[in-house]
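Q: If it helps, the file is called entry-v5.txt and holds compact mmCIF, C-alpha atoms and all ligand atoms:
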```
# COMPACT_ATOMS: atom_id res chain seq x y z
CA MET M 77 -25.52 16.05 108.71
CA GLU M 78 -26.40 19.18 106.82
CA ILE M 79 -23.84 21.27 104.94
CA ILE M 80 -24.82 24.92 105.27
CA LEU M 81 -21.74 26.49 103.66
CA SER M 82 -19.43 25.05 101.08
CA ALA M 83 -16.29 26.52 99.51
CA LYS M 84 -14.92 24.84 96.38
CA ASP M 85 -11.40 25.51 95.13
CA ILE M 86 -11.28 29.16 96.17
CA TYR M 87 -8.57 31.40 94.73
CA LYS M 88 -8.08 35.03 95.62
CA THR M 89 -5.48 37.23 93.95
CA TYR M 90 -5.06 40.85 94.98
CA LYS M 91 -3.56 43.17 92.40
CA THR M 92 -1.32 45.71 94.06
CA ALA M 93 1.10 48.41 92.83
CA SER M 94 3.98 46.03 93.48
CA GLY M 95 2.39 43.04 91.73
CA GLU M 96 -0.08 40.26 92.44
CA VAL M 97 -0.62 38.73 95.86
CA HIS M 98 -1.97 35.18 95.82
CA ALA M 99 -3.83 35.21 99.13
CA LEU M 100 -5.81 31.99 98.61
CA ASN M 101 -4.62 29.12 96.44
CA GLY M 102 -7.37 26.54 96.10
CA VAL M 103 -9.20 26.34 99.41
CA SER M 104 -12.07 23.86 99.73
CA ALA M 105 -14.07 23.34 102.90
CA ASP M 106 -17.56 22.25 103.96
CA PHE M 107 -19.26 23.65 107.04
CA GLU M 108 -21.98 21.73 108.84
CA LYS M 109 -25.00 23.31 110.40
CA GLY M 110 -24.61 23.99 114.12
CA LEU M 111 -20.89 23.30 114.43
CA PHE M 112 -18.05 25.50 115.64
CA TYR M 113 -15.05 25.94 113.33
CA ALA M 114 -11.78 27.60 114.29
CA VAL M 115 -9.60 29.04 111.52
CA ILE M 116 -5.95 29.28 112.51
CA GLY M 117 -2.68 30.13 110.77
CA ARG M 118 0.18 32.60 110.76
CA SER M 119 -0.27 36.31 110.08
CA GLY M 120 -0.73 36.85 106.35
CA SER M 121 -1.72 33.22 105.67
CA GLY M 122 -5.13 34.25 104.29
CA LYS M 123 -7.57 33.78 107.20
CA SER M 124 -9.35 37.13 106.94
CA THR M 125 -9.43 36.87 103.17
CA LEU M 126 -11.11 33.47 103.49
CA LEU M 127 -13.68 34.80 106.00
CA HIS M 128 -14.49 37.73 103.71
CA ILE M 129 -15.08 35.39 100.79
CA LEU M 130 -17.09 32.82 102.76
CA SER M 131 -19.36 35.60 103.98
CA GLY M 132 -19.76 37.26 100.59
CA LEU M 133 -18.07 40.48 101.75
CA ASP M 134 -15.61 39.91 98.92
CA ARG M 135 -15.68 37.80 95.79
CA PRO M 136 -13.18 35.09 94.90
CA THR M 137 -10.96 35.27 91.82
CA GLY M 138 -11.78 31.60 91.21
CA GLY M 139 -13.94 28.87 92.72
CA SER M 140 -17.38 29.04 94.27
CA VAL M 141 -19.08 29.58 97.61
CA THR M 142 -22.48 28.00 98.20
CA VAL M 143 -24.71 28.91 101.15
CA ALA M 144 -27.74 26.73 101.81
CA GLY M 145 -27.59 25.51 98.23
CA THR M 146 -27.26 28.93 96.57
CA ASP M 147 -24.10 29.91 94.71
CA LEU M 148 -23.20 33.37 96.03
CA SER M 149 -21.84 34.42 92.63
CA SER M 150 -25.44 34.48 91.39
CA TYR M 151 -26.18 37.44 93.70
CA SER M 152 -25.67 41.07 92.75
CA ASP M 153 -23.87 43.20 95.36
CA GLY M 154 -27.20 44.63 96.52
CA ARG M 155 -28.86 41.25 96.94
CA MET M 156 -25.72 39.95 98.60
CA ALA M 157 -25.96 42.75 101.20
CA VAL M 158 -29.56 41.80 101.97
CA PHE M 159 -28.68 38.10 102.10
CA ARG M 160 -25.85 38.85 104.56
CA ARG M 161 -28.13 40.89 106.78
CA ARG M 162 -30.72 38.10 106.91
CA HIS M 163 -28.56 35.04 107.16
CA MET M 164 -25.17 36.04 108.52
CA GLY M 165 -23.88 37.63 111.71
CA PHE M 166 -20.50 39.27 112.15
CA VAL M 167 -18.24 39.88 115.13
CA PHE M 168 -15.07 41.77 114.43
CA GLN M 169 -12.14 42.73 116.59
CA GLN M 170 -13.12 46.40 116.70
CA PHE M 171 -16.73 45.64 117.74
CA ASN M 172 -18.12 48.24 115.25
CA LEU M 173 -20.75 49.55 117.67
CA LEU M 174 -22.45 52.86 116.94
CA ASP M 175 -21.47 55.39 119.64
CA ASP M 176 -24.64 57.50 119.36
CA TYR M 177 -26.98 54.57 119.97
CA ASN M 178 -27.55 52.71 123.22
CA VAL M 179 -27.03 48.97 123.66
CA LEU M 180 -30.61 48.08 122.77
CA ALA M 181 -30.53 50.16 119.58
CA ASN M 182 -27.13 48.73 118.63
CA ILE M 183 -28.04 45.09 119.03
CA THR M 184 -31.36 45.41 117.20
CA MET M 185 -29.92 47.52 114.35
CA PRO M 186 -29.50 44.68 111.80
CA LEU M 187 -33.13 43.61 112.37
CA LYS M 188 -34.35 47.19 112.10
CA LEU M 189 -32.44 47.76 108.86
CA ASP M 190 -34.17 44.69 107.54
CA GLY M 191 -37.62 45.97 108.57
CA ARG M 192 -37.94 43.29 111.25
CA LYS M 193 -38.60 43.56 114.98
CA ALA M 194 -36.78 41.65 117.68
CA ASP M 195 -38.87 38.89 119.23
CA PRO M 196 -39.14 40.18 122.86
CA GLN M 197 -38.72 36.72 124.37
CA PHE M 198 -35.62 36.00 122.30
CA LEU M 199 -34.21 39.45 123.06
CA LYS M 200 -34.64 38.75 126.78
CA GLU M 201 -33.04 35.33 126.44
CA VAL M 202 -30.00 36.57 124.49
CA THR M 203 -29.35 39.62 126.65
CA GLU M 204 -29.66 37.55 129.82
CA LEU M 205 -27.38 34.86 128.46
CA LEU M 206 -24.81 37.52 127.59
CA GLY M 207 -25.21 39.50 130.83
CA LEU M 208 -26.51 42.60 129.07
CA ALA M 209 -30.09 42.68 130.34
CA ASP M 210 -29.41 45.53 132.78
CA LYS M 211 -27.25 47.50 130.32
CA LEU M 212 -29.68 48.06 127.47
CA LYS M 213 -29.93 51.82 128.10
CA LYS M 214 -26.19 52.35 128.29
CA TYR M 215 -24.02 53.74 125.49
CA PRO M 216 -20.96 51.91 124.14
CA SER M 217 -18.59 54.46 125.75
CA GLU M 218 -20.04 53.49 129.15
CA LEU M 219 -19.22 49.80 128.69
CA SER M 220 -16.07 47.81 129.37
CA GLY M 221 -14.28 46.13 126.45
CA GLY M 222 -15.78 42.77 127.38
CA GLU M 223 -19.27 44.25 127.58
CA GLN M 224 -18.87 45.91 124.18
CA GLN M 225 -17.76 42.58 122.78
CA ARG M 226 -20.78 40.81 124.24
CA CYS M 227 -22.92 43.56 122.75
CA ALA M 228 -21.44 42.78 119.32
CA ILE M 229 -22.18 39.10 119.94
CA ALA M 230 -25.79 39.82 120.96
CA ARG M 231 -26.15 41.85 117.76
CA SER M 232 -24.78 38.96 115.70
CA VAL M 233 -27.14 36.32 117.14
CA LEU M 234 -30.36 38.34 117.55
CA ALA M 235 -31.24 38.30 113.89
CA LYS M 236 -30.96 34.47 114.15
CA PRO M 237 -28.52 34.16 111.27
CA GLN M 238 -27.61 30.71 110.01
CA LEU M 239 -23.94 31.62 110.07
CA ILE M 240 -21.82 33.69 112.43
CA PHE M 241 -18.39 34.87 111.32
CA ALA M 242 -15.93 36.21 113.86
CA ASP M 243 -12.47 37.50 112.97
CA GLU M 244 -10.27 37.46 116.07
CA PRO M 245 -13.22 38.49 118.22
CA THR M 246 -11.17 38.30 121.40
CA GLY M 247 -8.17 40.25 120.13
CA ASN M 248 -8.98 43.24 122.34
CA LEU M 249 -9.88 41.26 125.45
CA ASP M 250 -7.77 39.71 128.16
CA LYS M 251 -7.38 35.97 127.90
CA ARG M 252 -9.93 34.95 130.50
CA VAL M 253 -12.64 37.33 129.28
CA GLY M 254 -11.82 36.28 125.73
CA GLU M 255 -12.37 32.62 126.51
CA GLU M 256 -15.61 33.36 128.38
CA THR M 257 -16.78 35.40 125.42
CA VAL M 258 -16.13 32.60 122.96
CA ALA M 259 -17.89 30.18 125.32
CA LEU M 260 -20.93 32.48 125.27
CA LEU M 261 -20.77 32.80 121.51
CA ARG M 262 -20.60 29.04 121.27
CA GLU M 263 -23.49 28.54 123.66
CA SER M 264 -25.64 30.97 121.66
CA ALA M 265 -24.73 29.20 118.44
CA ARG M 266 -25.45 25.76 119.89
CA ARG M 267 -28.82 26.76 121.29
CA PHE M 268 -29.93 28.45 118.12
CA GLY M 269 -28.43 25.94 115.66
CA GLN M 270 -26.03 28.43 114.12
CA THR M 271 -22.74 27.62 112.47
CA LEU M 272 -19.85 29.51 114.00
CA ILE M 273 -16.63 30.27 112.12
CA VAL M 274 -13.99 31.97 114.23
CA VAL M 275 -10.52 33.14 113.23
CA THR M 276 -8.33 32.96 116.32
CA HIS M 277 -4.71 33.06 117.40
CA ASP M 278 -5.67 31.52 120.73
CA SER M 279 -4.88 27.79 120.82
CA ASP M 280 -7.11 27.27 123.88
CA ILE M 281 -10.07 28.60 121.91
CA ALA M 282 -9.16 26.52 118.85
CA ARG M 283 -9.03 23.41 121.06
CA ARG M 284 -12.71 23.86 121.92
CA ALA M 285 -13.79 23.95 118.27
CA ASP M 286 -15.50 20.98 116.59
CA HIS M 287 -13.11 21.40 113.66
CA VAL M 288 -9.90 23.33 113.16
CA ILE M 289 -9.03 24.68 109.71
CA HIS M 290 -5.34 25.43 109.47
CA ILE M 291 -4.38 27.86 106.70
CA GLU M 292 -0.83 28.18 105.42
CA ASP M 293 0.11 30.29 102.40
CA GLY M 294 -3.50 30.39 101.24
CA ARG M 295 -4.03 26.62 101.47
CA VAL M 296 -5.69 24.30 103.97
CA VAL M 297 -3.04 22.10 105.57
N1 LIG N 301 -6.90 44.31 100.18
C1 LIG N 301 -5.71 43.73 99.96
N2 LIG N 301 -4.93 44.11 98.96
C2 LIG N 301 -3.75 43.50 98.73
N3 LIG N 301 -3.26 42.49 99.45
C3 LIG N 301 -4.00 42.06 100.47
C4 LIG N 301 -5.26 42.66 100.80
N4 LIG N 301 -5.79 42.00 101.87
C5 LIG N 301 -4.89 41.06 102.21
N5 LIG N 301 -3.82 41.07 101.38
C6 LIG N 301 -2.66 40.15 101.42
O1 LIG N 301 -3.17 38.83 101.33
C7 LIG N 301 -2.47 37.95 102.22
C8 LIG N 301 -3.47 37.34 103.20
O2 LIG N 301 -3.97 38.38 104.04
P1 LIG N 301 -5.04 38.13 105.19
O3 LIG N 301 -5.48 39.45 105.68
O4 LIG N 301 -6.07 37.22 104.66
O5 LIG N 301 -4.16 37.36 106.28
P2 LIG N 301 -4.53 36.87 107.76
O6 LIG N 301 -4.24 35.42 107.80
O7 LIG N 301 -5.88 37.34 108.12
O8 LIG N 301 -3.44 37.64 108.64
P3 LIG N 301 -3.56 38.25 110.15
O9 LIG N 301 -3.45 37.09 111.07
O10 LIG N 301 -2.35 39.16 110.24
O11 LIG N 301 -4.84 38.99 110.25
C9 LIG N 301 -1.38 38.80 102.85
O12 LIG N 301 -0.21 38.62 102.10
C10 LIG N 301 -1.89 40.21 102.72
O13 LIG N 301 -0.81 41.12 102.64
MG MG N 302 -6.63 38.71 109.52
```
Turn the structure described in the file into C-alpha cells.
A:
Amino acid sequence: MEIILSAKDIYKTYKTASGEVHALNGVSADFEKGLFYAVIGRSGSGKSTLLHILSGLDRPTGGSVTVAGTDLSSYSDGRMAVFRRRHMGFVFQQFNLLDDYNVLANITMPLKLDGRKADPQFLKEVTELLGLADKLKKYPSELSGGEQQRCAIARSVLAKPQLIFADEPTGNLDKRVGEETVALLRESARRFGQTLIVVTHDSDIARRADHVIHIEDGRVV
C-alpha cells in the first residue's frame, strides 16, 4: 500500500469578531493511493475545513499535511497553486464552470492554464465514460444540472491528478443522478489510480466508500 496523502495532528482555529472558532482539533488521517474516502459528519463539524487543508487551499494552525512525501507547509502560496493544478482535482457543489466557455474549453481549462494539452485519446475516454462526448460544443447554460456536474468531474480527472477532492458534489442533484455521478467519479478514479476524497451527507454514497472518516467537533471519531 502506498500513502499518497497524510495529515498529522491538524488544528485549525478561525479568529472571528466574536472570538475563536476551533474548527479542527487534532485530526490525523492517512490516505492510500487509489482508494475512495467518504468524509461524513454534522453541519459545522469541520468537513469543509478539513478538505481545504488537505488540498492546500488553506493552511492549518497546527500540524502538517504531506502529499507524496512533500510537506505542504514548505510551499509558498504561488507554488502551492501550481502544485494543486498539477496534482489535485476539485469538484464543488456549485460546479464552478465558466459560462462563456463551452464544455470542451471548460474541461481542458486546468491543463491549458498549466501549459499542457489534453491527450486526445484520454479526452475521448473520459468524455465517453461521462456521457459528454456529444456535448463538447455546448455551453454550461445549455446543460442539465447532472450534465454540468459531470462536466466538473471530467475537468477534475482530465489533468490526471493524483488526488480528487469533492465537497458535497451531489448536493444540487437528485438522489439517483447523484449516486450515478459518484459511481462515475469512482470509476474514473479507479481506472486512473486516483485517490478520491468526498464529503457527503448521503449515507448510501458513504456506504460505497473504501473508508469512512467521521468528523465530530473537529475530531475523527
Ligand atoms: N472562514 C471561516 N471563518 C470563521 N469560522 C469558520 C470559517 N469557516 C468555517 N468556520 C467555522 O468552522 C466550523 C467548521 O466549519 P466547516 O465549514 O468546516 O463545517 P462543515 O462540516 O463543512 O459543515 P457543512 O456540513 O454545513 O458544510 C464551523 O463552526 C464554522 O462556523
Ligand atoms: Mg461544508
Q: Determine the nearest neighbour of Arg283 in chain M from the options M:Val97, M:Leu249, M:Val297, M:Ile116, counting only C-alpha atoms.
A: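 When distances to Arg283 in chain M are compared using only C-alpha atoms, the smallest one comes from M:Ile116.
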Q: Mind checking which residues fall within 8 Å of Ala230 in chain M, counting only C-alpha atoms, ignoring those fewer than 3 positions away in the same chain, and posting them as a PyMOL selection string?
A: chain M and resi 183+202-203+206+226-227+233-234
Q: Please report, as CSV, each residue of chain M lying at most 8 Å from ligand MG 302 (chain N), together with the nearest pair of atoms and the separation in Å rounded to one decimal; use only C-alpha atoms and all ligand atoms, and order rows by chain and ascending residue number.
A:
```
residue,atom,partner,partner_atom,distance
M:Ser119,CA,N:MG302,MG,6.8
M:Gly120,CA,N:MG302,MG,7.0
M:Gly122,CA,N:MG302,MG,7.0
M:Lys123,CA,N:MG302,MG,5.5
M:Ser124,CA,N:MG302,MG,4.1
M:Thr125,CA,N:MG302,MG,7.2
M:Asp243,CA,N:MG302,MG,6.9
M:Glu244,CA,N:MG302,MG,7.6
M:Val275,CA,N:MG302,MG,7.7
```
Q: Within 6 Å of (-14.2, 22.8, 117.8), only C-alpha atoms: residues as a PyMOL selection string?
A: chain M and resi 112-113+284-287
Q: Go ahead and write the residues just picked, C-alpha atoms, as an mmCIF file, keeping the file's coordinate frame.
A:
```cif
data_model
loop_
_atom_site.group_PDB
_atom_site.id
_atom_site.type_symbol
_atom_site.label_atom_id
_atom_site.label_comp_id
_atom_site.auth_asym_id
_atom_site.auth_seq_id
_atom_site.Cartn_x
_atom_site.Cartn_y
_atom_site.Cartn_z
ATOM 1 C CA PHE M 112 -18.050 25.500 115.640
ATOM 2 C CA TYR M 113 -15.050 25.940 113.330
ATOM 3 C CA ARG M 284 -12.710 23.860 121.920
ATOM 4 C CA ALA M 285 -13.790 23.950 118.270
ATOM 5 C CA ASP M 286 -15.500 20.980 116.590
ATOM 6 C CA HIS M 287 -13.110 21.400 113.660
#
```
Q: Could you pull the residues within 10 Å of Ala194 in chain M, counting all atoms listed in the file, minus those fewer than 4 positions along the same chain, as a PyMOL selection string?
A: chain M and resi 183-188+198-200+234-236
Q: Taking all atoms listed in the file into account, which of M:Gly294, M:Pro216, M:Gly145, M:Gly221 comes nearest ligand LIG 301 (chain N)?
A: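 Of all the options, M:Gly294 lies closest to ligand LIG 301 (chain N).
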